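Structure below is work.txt: compact mmCIF, C-alpha atoms.
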```txt
# COMPACT_ATOMS: atom_id res chain seq x y z
CA PRO V 1 -104.82 29.72 137.52
CA LEU V 2 -105.73 30.36 133.86
CA PRO V 3 -103.24 32.24 131.67
CA ALA V 4 -104.03 35.84 131.00
CA ARG V 5 -105.93 36.48 127.80
CA LYS V 6 -104.53 38.91 125.23
CA PRO V 7 -106.60 41.98 124.73
CA PRO V 8 -108.52 42.12 121.44
CA PRO V 9 -106.93 44.24 118.71
CA ASP V 10 -107.96 47.76 118.49
CA PRO V 11 -109.94 48.27 115.27
CA ALA V 12 -108.79 51.82 115.04
CA LYS V 13 -105.15 50.85 115.08
CA PRO V 14 -103.76 49.61 111.69
CA PRO V 15 -102.28 46.14 111.68
CA SER V 16 -98.55 45.85 111.88
CA PRO V 17 -96.79 44.89 108.63
CA PRO V 18 -95.49 41.32 108.23
CA PRO V 19 -91.85 40.74 108.89
CA SER V 20 -89.76 41.86 105.92
CA THR V 21 -87.81 39.30 103.87
CA PRO V 22 -84.23 40.02 102.82
CA PRO V 23 -84.06 41.53 99.32
CA ILE V 24 -83.01 39.23 96.42
CA SER V 25 -80.04 40.62 94.54
CA PRO V 26 -80.14 40.34 90.72
CA PRO V 27 -77.88 37.65 89.16
CA THR V 28 -74.49 38.71 87.99
CA ALA V 29 -73.43 38.63 84.33
CA SER V 30 -71.18 35.62 84.88
CA ALA V 31 -73.97 33.71 86.55
CA ALA V 32 -76.48 34.66 83.88
CA ALA V 33 -74.25 33.38 81.10
CA SER V 34 -75.29 29.97 79.75
CA PRO V 35 -73.03 27.11 80.74
CA THR V 36 -70.57 25.88 78.11
CA ILE V 37 -71.54 22.49 76.64
CA THR V 38 -68.58 20.44 75.49
CA PRO V 39 -69.46 18.31 72.40
CA PRO V 40 -68.64 14.63 72.69
CA THR V 41 -65.36 13.62 71.15
CA THR V 42 -65.51 11.16 68.24
CA THR V 43 -62.75 8.67 67.60
CA PRO V 44 -62.05 7.67 63.99
CA SER V 45 -63.12 4.16 63.09
CA SER V 46 -60.46 1.53 62.93
CA PRO V 47 -59.32 0.21 59.52
CA ARG V 48 -61.04 -3.10 60.21
CA THR V 49 -64.38 -1.38 60.85
CA SER V 50 -64.00 0.67 57.67
CA SER V 51 -63.16 -2.43 55.65
CA ASN V 52 -66.16 -4.29 57.01
CA SER V 53 -68.46 -1.44 56.07
CA LYS V 54 -67.10 -1.49 52.53
CA ASN V 55 -67.45 -5.25 52.22
CA SER V 56 -71.04 -5.07 53.37
CA ASN V 57 -71.88 -3.19 50.17
CA LYS V 58 -70.22 -5.72 47.87
CA ASP V 59 -71.65 -8.77 46.19
CA TRP V 60 -70.77 -12.04 47.89
CA SER V 61 -68.61 -13.12 44.95
CA VAL V 62 -66.51 -9.95 45.15
CA ALA V 63 -66.11 -10.31 48.90
CA LEU V 64 -65.06 -13.94 48.46
CA VAL V 65 -62.43 -13.21 45.83
CA GLU V 66 -60.95 -10.33 47.82
CA SER V 67 -60.92 -12.27 51.08
CA SER V 68 -58.02 -14.61 50.37
CA PRO V 69 -55.07 -14.86 47.98
CA ASP V 70 -55.51 -18.65 48.00
CA ILE V 71 -58.99 -18.32 46.51
CA ARG V 72 -57.71 -15.97 43.82
CA ARG V 73 -54.88 -18.39 43.05
CA ALA V 74 -57.35 -21.26 42.66
CA LEU V 75 -59.53 -19.25 40.25
CA ALA V 76 -56.77 -17.65 38.20
CA PHE V 77 -55.89 -20.63 35.98
CA PRO V 78 -59.47 -21.54 34.91
CA VAL V 79 -60.19 -17.91 34.00
CA ALA V 80 -56.91 -17.45 32.12
CA PHE V 81 -57.25 -20.77 30.31
CA ALA V 82 -60.86 -20.18 29.26
CA SER V 83 -60.21 -16.62 28.09
CA SER V 84 -57.33 -17.74 25.86
CA ALA V 85 -58.81 -21.03 24.65
CA ASN V 86 -59.02 -19.68 21.09
CA TRP V 87 -55.36 -20.58 20.59
CA LEU V 88 -56.11 -24.19 21.48
CA ALA V 89 -59.08 -24.28 19.11
CA GLN V 90 -56.86 -22.96 16.31
CA CYS V 91 -54.19 -25.58 17.05
CA ILE V 92 -56.80 -28.35 16.80
CA TYR V 93 -58.09 -26.83 13.57
CA VAL V 94 -54.61 -26.73 12.01
CA ALA V 95 -53.92 -30.34 13.02
CA ALA V 96 -57.18 -31.46 11.40
CA LYS V 97 -56.59 -29.32 8.33
CA LEU V 98 -53.15 -30.86 7.80
CA LYS V 99 -54.62 -34.35 8.34
CA ILE V 100 -52.09 -35.16 11.05
CA PRO V 101 -54.42 -37.73 12.67
CA ASP V 102 -54.67 -39.54 9.34
CA HIS V 103 -50.89 -39.63 8.95
CA LEU V 104 -50.51 -41.06 12.48
CA SER V 105 -53.26 -43.64 12.06
CA THR V 106 -50.68 -46.32 11.16
CA GLY V 107 -48.43 -45.71 14.18
CA PRO V 108 -46.02 -43.23 15.82
CA LYS V 109 -43.82 -41.07 13.61
CA GLU V 110 -41.07 -38.54 14.03
CA VAL V 111 -41.82 -34.88 13.44
CA ARG V 112 -39.49 -34.64 10.46
CA GLN V 113 -41.35 -37.48 8.72
CA LEU V 114 -44.73 -35.93 9.47
CA ALA V 115 -43.54 -32.59 8.14
CA GLU V 116 -42.74 -34.15 4.78
CA GLU V 117 -46.12 -35.88 4.60
CA CYS V 118 -48.06 -32.76 5.69
CA ASN V 119 -45.97 -30.30 3.68
CA ALA V 120 -45.22 -28.25 6.80
CA ASP V 121 -42.20 -26.66 8.46
CA PRO V 122 -40.60 -29.27 10.77
CA GLU V 123 -39.80 -26.92 13.67
CA ALA V 124 -43.21 -25.24 13.65
CA LEU V 125 -44.98 -28.59 13.31
CA GLY V 126 -43.04 -29.95 16.27
CA ARG V 127 -44.18 -27.08 18.48
CA LEU V 128 -47.76 -27.61 17.32
CA LEU V 129 -47.66 -31.31 18.23
CA ARG V 130 -46.13 -30.54 21.61
CA SER V 131 -48.88 -28.00 22.36
CA LEU V 132 -51.53 -30.62 21.55
CA SER V 133 -50.01 -33.27 23.79
CA GLY V 134 -52.07 -32.22 26.81
CA GLN V 135 -52.82 -28.78 28.24
CA GLY V 136 -53.82 -28.41 31.87
CA PRO V 137 -57.02 -30.33 32.58
CA LEU V 138 -57.44 -31.34 28.92
CA PRO V 139 -55.89 -34.54 27.56
CA GLY V 140 -53.98 -34.31 24.32
CA LEU V 141 -54.74 -35.31 20.76
CA PHE V 142 -51.23 -36.69 20.53
CA ILE V 143 -48.68 -38.11 22.92
CA GLU V 144 -44.92 -38.11 22.74
CA VAL V 145 -43.55 -41.64 22.83
CA TYR V 146 -40.15 -43.12 23.56
CA GLY V 147 -40.60 -46.65 22.34
CA THR V 148 -43.08 -49.33 21.33
CA SER V 149 -44.73 -51.78 23.67
CA PRO V 150 -44.48 -55.49 22.79
CA LEU V 151 -48.16 -55.80 23.75
CA GLY V 152 -50.17 -54.78 20.74
CA GLY V 153 -47.77 -52.12 19.51
CA LEU V 154 -49.10 -49.49 21.95
CA PRO V 155 -46.90 -46.41 22.42
CA VAL V 156 -45.10 -46.29 25.74
CA PRO V 157 -44.46 -42.96 27.49
CA PRO V 158 -41.79 -42.90 30.21
CA PRO V 159 -43.30 -44.39 33.40
CA LEU V 160 -41.42 -42.11 35.79
CA ARG V 161 -39.73 -38.79 35.26
CA PHE V 162 -36.36 -39.89 36.62
CA LEU V 163 -36.46 -42.95 34.33
CA ALA V 164 -37.29 -40.94 31.22
CA PRO V 165 -34.68 -41.09 28.47
CA LYS V 166 -32.82 -38.01 27.44
CA PRO V 167 -34.90 -35.71 25.22
CA PRO V 168 -34.06 -35.67 21.52
CA LYS V 169 -31.43 -33.28 20.31
CA GLY V 170 -33.97 -31.28 18.34
CA GLU V 171 -37.71 -30.73 17.94
CA ILE V 172 -37.83 -32.56 14.63
CA TYR V 173 -36.54 -35.82 16.18
CA ARG V 174 -39.39 -36.13 18.67
CA LYS V 175 -41.85 -38.94 18.03
CA TYR V 176 -45.62 -38.68 18.50
CA ALA V 177 -48.50 -41.12 18.48
CA LEU V 178 -52.25 -40.70 18.14
CA THR V 179 -54.60 -40.74 21.14
CA PRO V 180 -58.30 -41.73 21.03
CA LEU V 181 -59.22 -38.03 21.02
CA GLY V 182 -57.01 -37.42 18.01
CA ALA V 183 -58.46 -40.44 16.24
CA MET V 184 -61.83 -38.66 16.23
CA LEU V 185 -60.40 -36.12 13.76
CA ARG V 186 -59.40 -38.50 10.97
CA LYS V 187 -60.85 -37.58 7.60
CA GLU V 188 -61.78 -41.15 6.74
CA GLY V 189 -62.60 -42.18 10.31
CA THR V 190 -65.99 -43.52 11.36
CA GLY V 191 -67.96 -40.82 13.15
CA SER V 192 -65.24 -38.25 12.52
CA LEU V 193 -65.68 -34.72 13.87
CA ARG V 194 -63.20 -33.26 11.40
CA PRO V 195 -65.92 -31.41 9.39
CA TRP V 196 -67.08 -29.64 12.54
CA VAL V 197 -63.53 -28.71 13.53
CA LEU V 198 -62.89 -27.25 10.06
CA PHE V 199 -66.07 -25.17 10.14
CA SER V 200 -65.39 -24.07 13.71
CA GLY V 201 -61.85 -23.01 12.87
CA GLU V 202 -62.75 -21.13 9.69
CA GLU V 203 -66.16 -19.44 9.29
CA LEU V 204 -67.35 -19.84 12.84
CA GLY V 205 -64.01 -18.87 14.32
CA ARG V 206 -63.86 -15.65 12.33
CA ALA V 207 -67.45 -14.81 13.19
CA TRP V 208 -66.67 -14.48 16.91
CA GLY V 209 -64.42 -11.54 16.06
CA GLY V 210 -67.53 -9.44 15.42
CA LEU V 211 -69.20 -10.28 18.73
CA LEU V 212 -68.35 -6.95 20.39
CA THR V 213 -69.96 -4.94 17.59
CA ALA V 214 -72.99 -7.23 17.59
CA VAL V 215 -73.53 -6.80 21.33
CA ARG V 216 -73.11 -3.01 21.19
CA GLU V 217 -75.31 -2.42 18.17
CA GLY V 218 -77.64 -5.41 18.40
CA GLN V 219 -77.11 -6.22 14.73
CA PRO V 220 -74.98 -9.27 13.87
CA ASP V 221 -72.84 -8.79 10.77
CA PHE V 222 -71.57 -12.20 9.73
CA GLY V 223 -70.37 -11.03 6.32
CA VAL V 224 -68.01 -8.33 7.60
CA ALA V 225 -66.60 -10.71 10.23
CA GLN V 226 -65.57 -13.10 7.44
CA GLY V 227 -63.51 -10.42 5.74
CA ASP V 228 -64.86 -11.11 2.26
CA GLY V 229 -68.60 -10.49 2.66
CA GLU V 230 -70.86 -7.51 2.29
CA ALA V 231 -71.97 -5.45 5.25
CA GLY V 232 -75.26 -6.36 6.83
CA LEU V 233 -75.26 -10.01 5.82
CA SER V 234 -76.67 -12.50 8.27
CA PHE V 235 -75.29 -16.01 8.64
CA TRP V 236 -77.83 -17.53 6.26
CA ASP V 237 -77.44 -14.75 3.68
CA TYR V 238 -73.68 -15.27 3.67
CA MET V 239 -74.04 -19.02 3.28
CA ALA V 240 -76.46 -18.56 0.38
CA ARG V 241 -73.89 -16.44 -1.46
CA HIS V 242 -70.96 -18.82 -0.80
CA PRO V 243 -71.86 -22.39 -1.82
CA SER V 244 -68.48 -23.81 -0.76
CA LYS V 245 -68.90 -22.36 2.74
CA ARG V 246 -72.42 -23.73 2.87
CA GLU V 247 -71.09 -27.18 2.02
CA THR V 248 -68.59 -26.97 4.91
CA PHE V 249 -71.39 -25.99 7.24
CA ASP V 250 -73.65 -28.80 6.03
CA ASN V 251 -70.89 -31.36 6.56
CA SER V 252 -70.26 -30.09 10.07
CA MET V 253 -73.94 -30.36 11.00
CA GLN V 254 -74.07 -33.86 9.58
CA ALA V 255 -71.07 -34.87 11.70
CA LEU V 256 -72.63 -33.49 14.88
CA SER V 257 -76.05 -34.95 14.19
CA GLU V 258 -74.65 -38.45 14.56
CA TYR V 259 -74.12 -37.76 18.26
CA SER V 260 -77.15 -35.57 18.94
CA THR V 261 -80.12 -37.12 17.15
CA THR V 262 -81.00 -39.33 14.22
CA ALA V 263 -81.59 -37.89 10.78
CA GLY V 264 -85.26 -38.84 10.89
CA GLU V 265 -85.81 -37.09 14.22
CA ALA V 266 -84.03 -33.96 12.97
CA ALA V 267 -86.18 -33.83 9.83
CA ALA V 268 -89.36 -34.32 11.86
CA ARG V 269 -88.48 -31.47 14.25
CA TYR V 270 -87.20 -28.97 11.70
CA ASP V 271 -89.55 -26.22 10.52
CA PHE V 272 -88.87 -26.04 6.78
CA SER V 273 -91.41 -23.23 6.36
CA GLN V 274 -88.83 -20.73 7.68
CA GLY V 275 -86.58 -21.23 4.67
CA GLY V 276 -83.55 -22.23 6.71
CA LYS V 277 -83.78 -19.22 9.07
```

Could you quickly redo this structure as structure tokens?
Amino acid sequence: PLPARKPPPDPAKPPSPPPSTPPISPPTASAAASPTITPPTTTPSSPRTSSNSKNSNKDWSVALVESSPDIRRALAFPVAFASSANWLAQCIYVAAKLKIPDHLSTGPKEVRQLAEECNADPEALGRLLRSLSGQGPLPGLFIEVYGTSPLGGLPVPPPLRFLAPKPPKGEIYRKYALTPLGAMLRKEGTGSLRPWVLFSGEELGRAWGGLLTAVREGQPDFGVAQGDGEAGLSFWDYMARHPSKRETFDNSMQALSEYSTTAGEAAARYDFSQGGK
């Protein structure tokens, strides 16, 4: 049998309301509050990280020097020696001025004998000769000797330190001989560089004292640097007013020209229209 059919709805009867849903209660104040966001914790960078960030902003040369005490130790002597080389230049100048190479051109001599020939103080002259007997990487103009070789009269230094004789009782009893470098400073020597050393130790040496002012102001003042010239004088103006200084300069250029170029080549290349400037 077929199931019974439901009767059709009565149009006059209003439809029944849909089933009611449970009411939604409003959120509480604690629920409505925004959740608390905890900021992430930051840990301070380690000293190594901080150091690396600083080194990244430095020039490679600065980073290299600061990286190792061994590197700084290797660079210290060349910098110190070069920055104080003016004392060595002055010692060479004094030796040339006193004609010590000329007095030693005949063989080794004691300091006291040299002092008489050079009209110098024996103790001070002895310290000068010792300072010019080799400094660091530079060979000396003179050499202290302890005897004479039977082969050609060459000076003989002690071969080994533990075989060296006892040092003299005083500075004035030391004996020095000339080296090939010192022989280049003889006044009467062939191809001597003594004129250049004299000019370099006198006018040129004093001129470097005004370098700081020249760099700051951009105006070289050779006259003031000499101590006896007028302000504002250039090198050539000063030489024109001091004939004896000009002669020293000319002799020094002549001595150097022997090793740089021939006189004919120098004359052909020089622009005489500039009047020596």

### Task
Can you work out the spacing between CA of Gly107 in chain V and CA of Gly201 in chain V in Å, to one decimal?
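Interatomic distance here is 26.4 Å.
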
### Query
Which neighbours of range 235-245 of chain V fall inside 10 Å, counting only C-alpha atoms, when residues of the same chain fewer than 4 positions from it are skipped, and could you give them as a list in words?
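Residues near the query, excluding close chain neighbours: Phe199, Glu202, Glu203, Leu204, Ala207, Pro220, Asp221, Phe222, Gly223, Val224, Gln226, Asp228, Gly229, Glu230, Phe249, Asp250, Asn251, Gly275, Gly276 and Lys277 of chain V.
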
### Query
Excluding same-chain residues fewer than 6 positions from Ile100 in chain V, what lies within 10 Å of it counting all atoms listed in the file, as a ChimeraX atom specification?
/V:94,114-115,117-118,125,129,142,178,182-183,185-187

### Message
Rounded to one decimal, what separation in Å do you get between CA of Gly218 in chain V and CA of Asp59 in chain V?
### Response
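These two atoms are separated by 28.6 Å.
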
### Task
Measure the distance from CA of His103 in chain V to CA of Ala85 in chain V in Å and round it to one decimal.
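Answer for the CA of His103 in chain V to CA of Ala85 in chain V separation: 25.6 Å.
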
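Nearest to Gly134 in chain V of all the residues V:Leu88, V:Ala225, V:Asn119, V:Val111 is V:Leu88, based on all atoms listed in the file.
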
### Query
Using all atoms listed in the file, which of V:Ala177, V:Ala124, V:Lys97, V:Gly191 sits nearest Arg112 in chain V?
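Ranking V:Ala177, V:Ala124, V:Lys97, V:Gly191 by distance to Arg112 in chain V, first place goes to V:Ala124.
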
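Across V:Gly189, V:Gly232, V:Gly140, V:Pro195, the tightest approach to Asp102 in chain V is made by V:Gly189 when counting only C-alpha atoms.
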
### Query
Residues at most 10 Å from range 120-122 of chain V, counting only C-alpha atoms, excluding those fewer than 6 positions away in the same chain, as an MDAnalysis selection string?
chainID V and resid 98 110:114 128 171:173

### Query
Pick from V:Ser84, V:Ser131, V:Lys169, V:Lys175: nearest to Glu144 in chain V, with all atoms listed in the file counted?
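Using all atoms listed in the file, Glu144 in chain V sits closest to V:Lys175.
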
### Message
Ranking V:Pro180, V:Pro108, V:Pro101, V:Gly209 by minimum distance to Arg194 in chain V and counting only C-alpha atoms, which one comes first?
### Response
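Selected residue with least distance to Arg194 in chain V: V:Pro101.
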